[in-house]
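coords_9.txt, holding compact mmCIF, C-alpha atoms:
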```txt
# COMPACT_ATOMS: atom_id res chain seq x y z
CA MET A 9 11.13 -16.29 -10.71
CA LYS A 10 8.83 -17.30 -7.86
CA VAL A 11 7.22 -14.49 -5.89
CA LEU A 12 5.23 -14.59 -2.66
CA ILE A 13 2.56 -11.89 -2.40
CA THR A 14 0.86 -11.50 0.98
CA GLY A 15 -2.57 -9.86 0.94
CA VAL A 16 -3.04 -11.13 -2.60
CA ALA A 17 -6.84 -10.72 -2.54
CA GLY A 18 -6.41 -7.07 -1.62
CA PHE A 19 -6.52 -4.09 -3.97
CA ILE A 20 -2.79 -3.76 -4.63
CA GLY A 21 -2.00 -7.47 -4.21
CA PHE A 22 -4.55 -8.47 -6.86
CA ASN A 23 -3.26 -5.97 -9.41
CA LEU A 24 0.38 -6.85 -8.72
CA ALA A 25 -0.31 -10.59 -9.05
CA ASN A 26 -2.00 -9.98 -12.41
CA ARG A 27 1.01 -8.03 -13.62
CA LEU A 28 3.61 -10.59 -12.53
CA LEU A 29 1.63 -13.52 -13.90
CA LYS A 30 1.28 -11.78 -17.28
CA GLU A 31 5.07 -11.37 -17.29
CA GLY A 32 5.44 -15.14 -16.89
CA HIS A 33 6.43 -15.34 -13.24
CA SER A 34 5.16 -17.90 -10.74
CA VAL A 35 3.12 -16.36 -7.92
CA CYS A 36 2.10 -17.81 -4.57
CA GLY A 37 -0.48 -15.63 -2.86
CA ILE A 38 -1.72 -15.74 0.71
CA ASP A 39 -4.62 -13.90 2.34
CA ASN A 40 -6.84 -14.42 5.39
CA LEU A 41 -9.91 -12.97 3.57
CA ASN A 42 -10.98 -11.03 6.66
CA ASP A 43 -14.25 -9.11 6.66
CA TYR A 44 -12.86 -5.58 7.14
CA TYR A 45 -14.62 -4.91 3.84
CA ASP A 46 -16.74 -6.91 1.38
CA VAL A 47 -15.29 -10.44 1.23
CA ASN A 48 -17.12 -11.09 -2.04
CA LEU A 49 -15.03 -8.39 -3.73
CA LYS A 50 -11.89 -10.14 -2.49
CA LYS A 51 -13.16 -13.50 -3.72
CA THR A 52 -13.98 -12.07 -7.14
CA ARG A 53 -10.46 -10.68 -7.44
CA LEU A 54 -9.08 -14.09 -6.44
CA ALA A 55 -11.23 -15.92 -8.98
CA ILE A 56 -9.68 -13.84 -11.75
CA ILE A 57 -6.05 -14.57 -10.86
CA GLU A 58 -6.76 -18.23 -10.05
CA LYS A 59 -7.42 -18.79 -13.75
CA ASN A 60 -3.66 -18.64 -14.28
CA SER A 61 -1.95 -22.02 -13.80
CA GLU A 62 1.18 -20.31 -12.42
CA PHE A 63 -0.78 -18.98 -9.44
CA GLU A 64 -1.19 -20.79 -6.13
CA PHE A 65 -3.46 -19.47 -3.37
CA LEU A 66 -3.23 -20.36 0.32
CA LEU A 67 -5.71 -19.20 2.96
CA LEU A 68 -3.34 -18.06 5.69
CA ASP A 69 -3.12 -15.45 8.42
CA LEU A 70 0.22 -13.69 8.85
CA ALA A 71 -0.12 -13.86 12.62
CA ASP A 72 -0.13 -17.69 12.54
CA ARG A 73 3.55 -18.25 13.28
CA GLU A 74 3.67 -22.00 12.65
CA LYS A 75 1.80 -21.89 9.34
CA ILE A 76 3.94 -19.04 8.03
CA LYS A 77 7.03 -20.99 9.08
CA ASP A 78 5.70 -24.04 7.19
CA LEU A 79 5.03 -21.87 4.13
CA PHE A 80 8.66 -20.81 3.88
CA GLU A 81 9.91 -24.32 4.59
CA THR A 82 7.83 -25.87 1.80
CA HIS A 83 8.37 -23.15 -0.84
CA GLU A 84 11.45 -21.48 -2.25
CA PHE A 85 10.68 -17.82 -2.94
CA ASP A 86 13.01 -15.54 -4.86
CA TYR A 87 11.14 -12.42 -3.81
CA VAL A 88 8.56 -11.59 -1.14
CA ILE A 89 6.12 -8.69 -1.48
CA ASN A 90 4.37 -8.08 1.85
CA LEU A 91 1.13 -6.19 1.23
CA ALA A 92 -1.02 -7.91 3.86
CA ALA A 93 -1.98 -5.54 6.66
CA GLN A 94 -4.92 -4.27 8.60
CA ALA A 95 -5.63 -1.05 6.73
CA GLY A 96 -7.45 2.12 7.68
CA VAL A 97 -6.47 5.06 9.87
CA ARG A 98 -9.85 5.57 11.54
CA TYR A 99 -10.46 1.85 12.14
CA SER A 100 -7.18 1.65 14.07
CA ILE A 101 -8.79 3.81 16.74
CA GLU A 102 -11.76 1.44 17.03
CA ASN A 103 -9.91 -1.88 16.83
CA PRO A 104 -6.22 -1.47 17.77
CA ALA A 105 -5.62 -5.17 18.50
CA SER A 106 -6.06 -6.16 14.85
CA TYR A 107 -3.23 -3.79 13.89
CA VAL A 108 -0.86 -5.29 16.42
CA ASP A 109 -1.66 -8.85 15.27
CA SER A 110 -1.50 -8.31 11.51
CA ASN A 111 0.85 -5.39 11.01
CA MET A 112 3.43 -6.16 13.68
CA VAL A 113 3.24 -9.82 14.75
CA GLY A 114 2.48 -10.85 11.16
CA PHE A 115 5.31 -8.79 9.73
CA GLY A 116 7.69 -10.30 12.27
CA ASN A 117 6.73 -13.75 11.02
CA ILE A 118 7.43 -12.70 7.42
CA LEU A 119 10.84 -11.34 8.39
CA GLU A 120 11.70 -14.63 10.10
CA GLY A 121 10.59 -16.60 7.06
CA CYS A 122 12.69 -14.46 4.71
CA ARG A 123 15.70 -14.68 7.00
CA HIS A 124 15.72 -18.47 7.19
CA SER A 125 14.93 -19.13 3.52
CA LYS A 126 17.50 -16.77 1.98
CA VAL A 127 14.99 -14.64 0.08
CA LYS A 128 16.75 -12.31 -2.39
CA HIS A 129 14.64 -9.24 -1.57
CA LEU A 130 11.76 -8.40 0.77
CA VAL A 131 9.60 -5.50 -0.42
CA TYR A 132 6.90 -4.36 2.00
CA ALA A 133 4.11 -1.82 2.12
CA SER A 134 4.58 1.13 4.39
CA SER A 135 2.36 4.21 4.19
CA SER A 136 2.34 7.98 3.78
CA SER A 137 0.63 7.96 7.20
CA VAL A 138 4.06 7.59 8.84
CA TYR A 139 4.68 11.31 8.22
CA GLY A 140 2.17 12.05 10.99
CA ILE A 141 2.16 15.67 12.13
CA ASN A 142 5.05 16.64 9.84
CA THR A 143 4.24 19.79 7.88
CA ASN A 144 7.46 20.07 5.84
CA MET A 145 6.23 19.19 2.33
CA PRO A 146 6.69 17.53 -0.04
CA PHE A 147 7.25 14.61 2.33
CA SER A 148 10.68 13.09 1.81
CA VAL A 149 12.00 9.68 2.86
CA ARG A 150 14.94 11.68 4.25
CA HIS A 151 12.68 13.42 6.78
CA ASN A 152 12.24 12.34 10.40
CA VAL A 153 8.99 10.39 10.93
CA ASP A 154 8.91 9.91 14.69
CA HIS A 155 5.52 11.52 15.30
CA PRO A 156 2.69 9.31 13.94
CA ILE A 157 -0.88 10.15 14.96
CA SER A 158 -2.62 6.79 14.52
CA LEU A 159 -1.78 3.23 15.52
CA TYR A 160 -1.95 2.29 11.85
CA ALA A 161 0.83 4.80 11.08
CA ALA A 162 2.82 3.67 14.12
CA SER A 163 2.59 0.03 12.99
CA LYS A 164 3.96 0.97 9.56
CA LYS A 165 6.82 2.93 11.11
CA ALA A 166 7.49 -0.12 13.29
CA ASN A 167 7.70 -2.27 10.12
CA GLU A 168 10.42 -0.01 8.76
CA LEU A 169 12.40 -0.30 12.00
CA MET A 170 11.94 -4.07 12.15
CA ALA A 171 13.07 -4.43 8.54
CA HIS A 172 16.21 -2.40 9.19
CA THR A 173 17.07 -4.66 12.11
CA TYR A 174 16.90 -7.75 9.88
CA SER A 175 18.89 -6.03 7.16
CA TYR A 176 21.54 -5.22 9.76
CA LEU A 177 21.64 -8.53 11.64
CA TYR A 178 21.12 -10.96 8.75
CA ASN A 179 22.06 -8.95 5.65
CA LEU A 180 18.49 -9.37 4.35
CA PRO A 181 17.80 -6.84 1.54
CA THR A 182 14.60 -4.96 2.45
CA THR A 183 12.75 -2.09 0.80
CA GLY A 184 9.80 -0.23 2.32
CA LEU A 185 7.32 1.57 0.08
CA ARG A 186 5.33 4.49 1.45
CA PHE A 187 2.17 4.48 -0.66
CA PHE A 188 0.19 7.70 -1.08
CA THR A 189 -3.64 7.40 -1.31
CA VAL A 190 -3.99 4.57 -3.83
CA TYR A 191 -7.12 4.54 -6.01
CA GLY A 192 -8.48 2.93 -9.17
CA PRO A 193 -10.59 -0.01 -10.45
CA TRP A 194 -11.02 -2.88 -7.97
CA GLY A 195 -10.25 -0.47 -5.12
CA ARG A 196 -11.14 -0.70 -1.45
CA PRO A 197 -14.77 0.13 -0.55
CA ASP A 198 -13.65 2.09 2.54
CA MET A 199 -11.67 4.62 0.47
CA ALA A 200 -12.99 8.06 -0.46
CA LEU A 201 -13.39 7.44 -4.21
CA PHE A 202 -15.47 4.32 -3.62
CA LEU A 203 -17.58 5.95 -0.88
CA PHE A 204 -18.18 9.15 -2.87
CA THR A 205 -19.11 7.28 -6.06
CA LYS A 206 -21.58 5.01 -4.28
CA ALA A 207 -23.21 7.91 -2.43
CA ILE A 208 -23.55 10.16 -5.48
CA ILE A 209 -25.06 7.39 -7.62
CA ASN A 210 -27.53 6.54 -4.80
CA ASN A 211 -28.46 10.20 -4.18
CA GLU A 212 -26.94 10.14 -0.70
CA PRO A 213 -24.78 12.87 0.88
CA ILE A 214 -21.01 12.45 0.87
CA LYS A 215 -18.96 13.12 4.01
CA VAL A 216 -16.45 15.88 3.34
CA PHE A 217 -13.96 15.97 6.22
CA ASN A 218 -12.02 19.01 7.44
CA ASN A 219 -14.76 21.07 5.75
CA GLY A 220 -13.23 20.21 2.38
CA LYS A 221 -9.83 21.70 3.23
CA MET A 222 -7.90 18.50 2.51
CA GLN A 223 -5.19 17.69 -0.02
CA ARG A 224 -4.15 14.22 -1.07
CA ASP A 225 -1.46 12.88 -3.37
CA PHE A 226 -3.85 10.49 -5.15
CA THR A 227 -1.85 7.72 -6.84
CA TYR A 228 -3.35 5.51 -9.53
CA ILE A 229 -3.10 1.75 -9.03
CA ASP A 230 -1.15 1.12 -12.27
CA ASP A 231 1.52 3.57 -11.10
CA ILE A 232 1.73 1.80 -7.74
CA VAL A 233 2.17 -1.60 -9.41
CA GLU A 234 4.81 -0.25 -11.79
CA GLY A 235 6.68 1.22 -8.85
CA VAL A 236 6.56 -2.06 -6.90
CA VAL A 237 7.87 -4.06 -9.87
CA ARG A 238 10.69 -1.58 -10.54
CA VAL A 239 11.72 -1.60 -6.88
CA MET A 240 11.49 -5.38 -6.59
CA ASN A 241 14.07 -5.72 -9.35
CA ASN A 242 16.28 -3.05 -7.77
CA ILE A 243 17.77 -4.95 -4.81
CA PRO A 244 19.23 -2.49 -2.28
CA GLU A 245 22.86 -2.47 -1.28
CA ALA A 246 24.67 -0.73 1.55
CA ASP A 247 24.83 3.03 0.92
CA PRO A 248 28.55 3.94 0.61
CA ASP A 249 27.76 7.56 1.51
CA TRP A 250 25.76 6.73 4.63
CA SER A 251 27.14 8.33 7.78
CA SER A 252 26.35 7.42 11.37
CA ASP A 253 27.13 11.03 12.33
CA LYS A 254 24.42 12.37 10.01
CA PRO A 255 22.24 9.34 9.27
CA ASN A 256 20.01 9.38 6.19
CA PRO A 257 16.71 7.71 7.26
CA SER A 258 16.04 6.40 3.73
CA SER A 259 19.13 4.17 3.48
CA SER A 260 21.78 2.58 5.68
CA CYS A 261 25.18 0.92 5.92
CA VAL A 262 23.26 -2.31 5.22
CA PRO A 263 20.96 -3.38 2.29
CA TYR A 264 17.97 -1.27 3.35
CA LYS A 265 15.97 1.33 1.44
CA LEU A 266 12.78 3.40 1.66
CA TYR A 267 10.83 5.04 -1.18
CA ASN A 268 7.73 7.17 -1.54
CA ILE A 269 5.36 6.13 -4.31
CA GLY A 270 3.02 9.05 -4.91
CA ASN A 271 1.75 11.08 -7.82
CA ASN A 272 3.84 14.08 -6.69
CA GLN A 273 0.85 16.36 -7.43
CA PRO A 274 -1.42 16.95 -4.43
CA VAL A 275 -5.07 17.47 -5.31
CA ALA A 276 -7.58 19.46 -3.27
CA LEU A 277 -10.41 17.26 -2.01
CA MET A 278 -13.04 19.48 -3.61
CA ALA A 279 -11.28 19.20 -7.02
CA PHE A 280 -11.29 15.42 -6.53
CA VAL A 281 -15.05 15.51 -5.83
CA GLU A 282 -15.64 17.67 -8.92
CA ALA A 283 -13.78 15.15 -11.08
CA ILE A 284 -16.02 12.36 -9.73
CA GLU A 285 -19.15 14.45 -10.36
CA LYS A 286 -18.02 15.07 -13.94
CA ALA A 287 -17.28 11.38 -14.57
CA ILE A 288 -20.67 10.31 -13.17
CA GLY A 289 -22.57 13.26 -14.67
CA LYS A 290 -24.22 14.14 -11.38
CA LYS A 291 -23.68 16.62 -8.54
CA ALA A 292 -22.94 15.47 -4.99
CA VAL A 293 -24.83 16.47 -1.86
CA LYS A 294 -22.09 17.44 0.58
CA ASP A 295 -22.06 17.00 4.36
CA TYR A 296 -19.16 19.07 5.71
CA LEU A 297 -17.48 17.64 8.81
CA PRO A 298 -14.40 18.44 10.95
CA LEU A 299 -11.02 16.71 10.62
CA GLN A 300 -11.25 13.19 12.02
CA PRO A 301 -8.88 11.79 14.69
CA GLY A 302 -5.80 10.27 13.05
CA ASP A 303 -6.30 12.11 9.75
CA VAL A 304 -3.82 14.63 8.36
CA PRO A 305 -4.92 17.68 6.34
CA ALA A 306 -2.48 17.16 3.47
CA THR A 307 -0.08 14.66 1.86
CA TYR A 308 2.47 15.37 -0.88
CA ALA A 309 5.20 12.95 -1.95
CA ASN A 310 8.77 13.74 -2.90
CA VAL A 311 9.67 10.91 -5.29
CA ASN A 312 13.18 12.00 -6.29
CA ASP A 313 14.82 8.86 -4.88
CA LEU A 314 12.37 6.61 -6.74
CA ILE A 315 13.08 8.42 -10.02
CA LYS A 316 16.86 8.37 -9.48
CA ASP A 317 17.06 4.67 -8.60
CA THR A 318 14.37 3.17 -10.87
CA GLY A 319 13.77 5.75 -13.60
CA PHE A 320 10.06 5.78 -12.83
CA LYS A 321 7.75 8.65 -11.85
CA PRO A 322 4.01 8.12 -11.18
CA SER A 323 2.08 10.44 -13.48
CA THR A 324 -1.52 9.28 -14.15
CA PRO A 325 -3.84 12.35 -14.01
CA ILE A 326 -6.77 12.03 -11.59
CA GLU A 327 -9.23 12.66 -14.43
CA VAL A 328 -8.00 9.53 -16.22
CA GLY A 329 -7.84 7.43 -13.06
CA ILE A 330 -11.28 8.49 -11.81
CA ASP A 331 -12.87 7.90 -15.21
CA ASN A 332 -11.41 4.38 -15.30
CA PHE A 333 -12.73 3.70 -11.80
CA ILE A 334 -16.26 4.95 -12.56
CA LYS A 335 -16.44 2.76 -15.68
CA TRP A 336 -15.34 -0.26 -13.64
CA TYR A 337 -17.74 0.56 -10.79
CA LYS A 338 -20.77 0.84 -13.08
CA GLU A 339 -19.90 -2.43 -14.82
CA TYR A 340 -19.14 -4.34 -11.62
CA TYR A 341 -22.24 -3.19 -9.75
CA ALA A 342 -24.43 -3.07 -12.86
```

Target encoding C-alpha cells, full file:
Amino acid sequence: MKVLITGVAGFIGFNLANRLLKEGHSVCGIDNLNDYYDVNLKKTRLAIIEKNSEFEFLLLDLADREKIKDLFETHEFDYVINLAAQAGVRYSIENPASYVDSNMVGFGNILEGCRHSKVKHLVYASSSSVYGINTNMPFSVRHNVDHPISLYAASKKANELMAHTYSYLYNLPTTGLRFFTVYGPWGRPDMALFLFTKAIINNEPIKVFNNGKMQRDFTYIDDIVEGVVRVMNNIPEADPDWSSDKPNPSSSCVPYKLYNIGNNQPVALMAFVEAIEKAIGKKAVKDYLPLQPGDVPATYANVNDLIKDTGFKPSTPIEVGIDNFIKWYKEYYA
C-alpha cells in the first residue's frame, strides 16, 4: 500500500517510515524541516530512510494550502498518517502563532486532501496534553477533555473535533492517537531524557520541575510505532452502541475513533532520573524548580480500548528504553 507520513523527519515519523518500508510498503514523506530543534538531526534521520527506493521525500509545509492540494492530486494514498505538528507545551506560550499555522491550518489542509482523494483511513497524532486539568486517572478516552491548559493541548483537541466533523460530513474514517511522553533513540532534543542525558554527561545541572513531584507515562518509541501500525490497519466504523443521549467521546455514529497509546505505568520523575544516572554511570546535579505554566503534574494512560480493538499493549520497561537511548546517544554524539 502507499502511505503518506507528514512530519517524516520527526522522531515518530522517522521510526514509523522505517517500519513501513521494511514491511514492503511505499512511503511518501513530507516535512518542512523547521528549526524548532536541531535540523541536522532531522536531516540525518531523512538520509537513513532515503536509502530505500520505495521512499519519496517532499519538502512541504502543511500550512501551504495549494501545495498540499497538489500533493493529493498527484498522488494516490491508501493511508495518511499525520504526525507533523508544532510540538512543545512550553514553546506554545512563547510562540502561539506557529501552533495555529501548523496544528490547525495545516491539519485542515490534510483533512481536505483526504476528503477529496478518498483516502481509506486518516490516522493523526493527538496528545496526552488534551487531558489538561483533569485529575481522574488513569486518563481515559471516554473522559471529558474540555479544559486544556496550553495552546498546544487546545490545538490537539481542535484536531479531534475537526476530524470528527469530516468523519460525519464526508464519511472519512479518522483515528486520533493520544501519545503519552514518547522517548527512545533518535528522540527530540527538547524532551526530558535528551536534556537530562546531555547535562549529566557534560557535568551540568538538570532542571527538575515541580520540585521532582512529577509522574509521566513514559512510552518507548517502538511501542508507539507498533500502536500506530495496528491502528492504521484497524479502520474505524460507526459504533452501533453509540448514543446521542449519553455520548461516548472516544467513538461516534460515524467512522471516528480515539485511542491512548501509553505505557500504562506512570513513573515518578526522580525514578526516571535515577534510571538515567544508572545507565550513564554518573550522578546528576539537580536544580529543583516549580511547576511550569502549561505543565501537568501527572499523566497515566488507560489503554483498555487499544488492547480490546488491536490486541496490543505498550509494555517496554523504562530501564530497557533508557539504556537503548543512552547507547544511541553516546554513539551518535561520539

>> Counting only C-alpha atoms, which residue out of A:Pro257, A:Pro274, A:Pro298, A:Gly329 sits closest to Pro193 in chain A?
In response: A:Gly329

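Protein, DNA and RNA residues at most 9 Å from (-1.4, -10.2, 14.3), with all atoms listed in the file, are these: Asp69, Leu70, Ala71, Asp72, Ala93, Gln94, Ala105, Ser106, Tyr107, Val108, Asp109, Ser110, Asn111, Met112, Val113, Gly114 and Phe115 of chain A.
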
Just want the 12 Å neighbourhood of Glu102 in chain A, counted on only C-alpha atoms, with same-chain residues fewer than 3 positions away dropped. Output as an mmCIF file with C-alpha atoms, in the coordinates of the input.
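Dumped to part.cif:
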```cif
data_model
loop_
_atom_site.group_PDB
_atom_site.id
_atom_site.type_symbol
_atom_site.label_atom_id
_atom_site.label_comp_id
_atom_site.auth_asym_id
_atom_site.auth_seq_id
_atom_site.Cartn_x
_atom_site.Cartn_y
_atom_site.Cartn_z
ATOM 1 C CA GLY A 96 -7.450 2.120 7.680
ATOM 2 C CA VAL A 97 -6.470 5.060 9.870
ATOM 3 C CA ARG A 98 -9.850 5.570 11.540
ATOM 4 C CA TYR A 99 -10.460 1.850 12.140
ATOM 5 C CA ALA A 105 -5.620 -5.170 18.500
ATOM 6 C CA SER A 106 -6.060 -6.160 14.850
ATOM 7 C CA TYR A 107 -3.230 -3.790 13.890
ATOM 8 C CA SER A 158 -2.620 6.790 14.520
ATOM 9 C CA LEU A 159 -1.780 3.230 15.520
ATOM 10 C CA TYR A 160 -1.950 2.290 11.850
ATOM 11 C CA PRO A 301 -8.880 11.790 14.690
ATOM 12 C CA GLY A 302 -5.800 10.270 13.050
#
```

> Within 12 Å of (-18.3, 18.4, -4.8), in the coordinates the file gives, what residues turn up when you count all atoms listed in the file, written out as a PyMOL selection string?
Replying inline: chain A and resi 204-205+207-208+213-216+219-220+276-286+288-296

Dump of C-alpha atoms for the selected residues, as a PDB file, in the coordinates of the input:
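So the final result, stored in part_35.pdb, reads:
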```
ATOM      1  CA  PHE A 204     -18.180   9.150  -2.870  1.00  0.00           C
ATOM      2  CA  THR A 205     -19.110   7.280  -6.060  1.00  0.00           C
ATOM      3  CA  ALA A 207     -23.210   7.910  -2.430  1.00  0.00           C
ATOM      4  CA  ILE A 208     -23.550  10.160  -5.480  1.00  0.00           C
ATOM      5  CA  PRO A 213     -24.780  12.870   0.880  1.00  0.00           C
ATOM      6  CA  ILE A 214     -21.010  12.450   0.870  1.00  0.00           C
ATOM      7  CA  LYS A 215     -18.960  13.120   4.010  1.00  0.00           C
ATOM      8  CA  VAL A 216     -16.450  15.880   3.340  1.00  0.00           C
ATOM      9  CA  ASN A 219     -14.760  21.070   5.750  1.00  0.00           C
ATOM     10  CA  GLY A 220     -13.230  20.210   2.380  1.00  0.00           C
ATOM     11  CA  ALA A 276      -7.580  19.460  -3.270  1.00  0.00           C
ATOM     12  CA  LEU A 277     -10.410  17.260  -2.010  1.00  0.00           C
ATOM     13  CA  MET A 278     -13.040  19.480  -3.610  1.00  0.00           C
ATOM     14  CA  ALA A 279     -11.280  19.200  -7.020  1.00  0.00           C
ATOM     15  CA  PHE A 280     -11.290  15.420  -6.530  1.00  0.00           C
ATOM     16  CA  VAL A 281     -15.050  15.510  -5.830  1.00  0.00           C
ATOM     17  CA  GLU A 282     -15.640  17.670  -8.920  1.00  0.00           C
ATOM     18  CA  ALA A 283     -13.780  15.150 -11.080  1.00  0.00           C
ATOM     19  CA  ILE A 284     -16.020  12.360  -9.730  1.00  0.00           C
ATOM     20  CA  GLU A 285     -19.150  14.450 -10.360  1.00  0.00           C
ATOM     21  CA  LYS A 286     -18.020  15.070 -13.940  1.00  0.00           C
ATOM     22  CA  ILE A 288     -20.670  10.310 -13.170  1.00  0.00           C
ATOM     23  CA  GLY A 289     -22.570  13.260 -14.670  1.00  0.00           C
ATOM     24  CA  LYS A 290     -24.220  14.140 -11.380  1.00  0.00           C
ATOM     25  CA  LYS A 291     -23.680  16.620  -8.540  1.00  0.00           C
ATOM     26  CA  ALA A 292     -22.940  15.470  -4.990  1.00  0.00           C
ATOM     27  CA  VAL A 293     -24.830  16.470  -1.860  1.00  0.00           C
ATOM     28  CA  LYS A 294     -22.090  17.440   0.580  1.00  0.00           C
ATOM     29  CA  ASP A 295     -22.060  17.000   4.360  1.00  0.00           C
ATOM     30  CA  TYR A 296     -19.160  19.070   5.710  1.00  0.00           C
TER      31      TYR A 296
END
```

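Closest approach to Glu84 in chain A among A:Gly21, A:Ser125, A:Ser136, A:Asn332 is made by A:Ser125 (distances from only C-alpha atoms).
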
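Those residues that approach Asn179 in chain A to within 8 Å, counting all atoms listed in the file, are A:Tyr174, A:Ser175, A:Tyr176, A:Val262, A:Pro263; same-chain residues fewer than 3 positions away are not listed.
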
May I have the centre and edge lengths, in Å to one decimal, of an axis-aligned box around the listed atoms of range 225-241 of chain A with 3 Å added to every side, as lines of an AutoDock Vina configuration file?
```
center_x = 5.1
center_y = 3.6
center_z = -7.8
size_x = 23.9
size_y = 24.6
size_z = 14.9
```

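Between CA of Glu31 in chain A and CA of Leu185 in chain A lies a distance of 21.8 Å.
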
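If you measure from each of A:Ser100, A:Thr82, A:Lys128, A:Thr307 to Met222 in chain A using all atoms listed in the file, the closest one turns out to be A:Thr307.
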
>> Neighbouring residues of Glu245 in chain A were defined as those with any atom within 12 Å, considering all atoms listed in the file; residues of the same chain fewer than 3 positions away were excluded. Please report them as an MDAnalysis selection string.
In response: chainID A and resid 128:129 175:176 179:183 242 248:250 259:265 317

Could you save the residues just selected, with C-alpha atoms, as an mmCIF file, keeping the file's coordinate frame?
```
data_model
loop_
_atom_site.group_PDB
_atom_site.id
_atom_site.type_symbol
_atom_site.label_atom_id
_atom_site.label_comp_id
_atom_site.auth_asym_id
_atom_site.auth_seq_id
_atom_site.Cartn_x
_atom_site.Cartn_y
_atom_site.Cartn_z
ATOM 1 C CA LYS A 128 16.750 -12.310 -2.390
ATOM 2 C CA HIS A 129 14.640 -9.240 -1.570
ATOM 3 C CA SER A 175 18.890 -6.030 7.160
ATOM 4 C CA TYR A 176 21.540 -5.220 9.760
ATOM 5 C CA ASN A 179 22.060 -8.950 5.650
ATOM 6 C CA LEU A 180 18.490 -9.370 4.350
ATOM 7 C CA PRO A 181 17.800 -6.840 1.540
ATOM 8 C CA THR A 182 14.600 -4.960 2.450
ATOM 9 C CA THR A 183 12.750 -2.090 0.800
ATOM 10 C CA ASN A 242 16.280 -3.050 -7.770
ATOM 11 C CA PRO A 248 28.550 3.940 0.610
ATOM 12 C CA ASP A 249 27.760 7.560 1.510
ATOM 13 C CA TRP A 250 25.760 6.730 4.630
ATOM 14 C CA SER A 259 19.130 4.170 3.480
ATOM 15 C CA SER A 260 21.780 2.580 5.680
ATOM 16 C CA CYS A 261 25.180 0.920 5.920
ATOM 17 C CA VAL A 262 23.260 -2.310 5.220
ATOM 18 C CA PRO A 263 20.960 -3.380 2.290
ATOM 19 C CA TYR A 264 17.970 -1.270 3.350
ATOM 20 C CA LYS A 265 15.970 1.330 1.440
ATOM 21 C CA ASP A 317 17.060 4.670 -8.600
#
```

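You will find CA of Val16 in chain A at 8.4 Å from CA of Phe65 in chain A.
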
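If you measure from each of A:Ala342, A:Glu212, A:Ser148, A:Glu234 to Asn310 in chain A using only C-alpha atoms, the closest one turns out to be A:Ser148.
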
> Nearest to Leu297 in chain A among A:Asn211, A:Asn218, A:Asn256, A:Thr318, with distances taken over all atoms listed in the file: which residue is it?
Replying inline: A:Asn218

> When you draw a straight line from CA of Asn271 in chain A to CA of Arg238 in chain A, how long is it in Å?
Replying inline: 15.7 Å

> Can you list, as a ChimeraX atom specification, every protein, DNA or RNA residue that comes within 7 Å of Ala92 in chain A when you count all atoms listed in the file, leaving out same-chain residues fewer than 2 positions away?
Replying inline: /A:14-15,90

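Closest approach to Lys335 in chain A among A:Gly192, A:Gly235, A:Pro322, A:Pro244 is made by A:Gly192 (distances from all atoms listed in the file).
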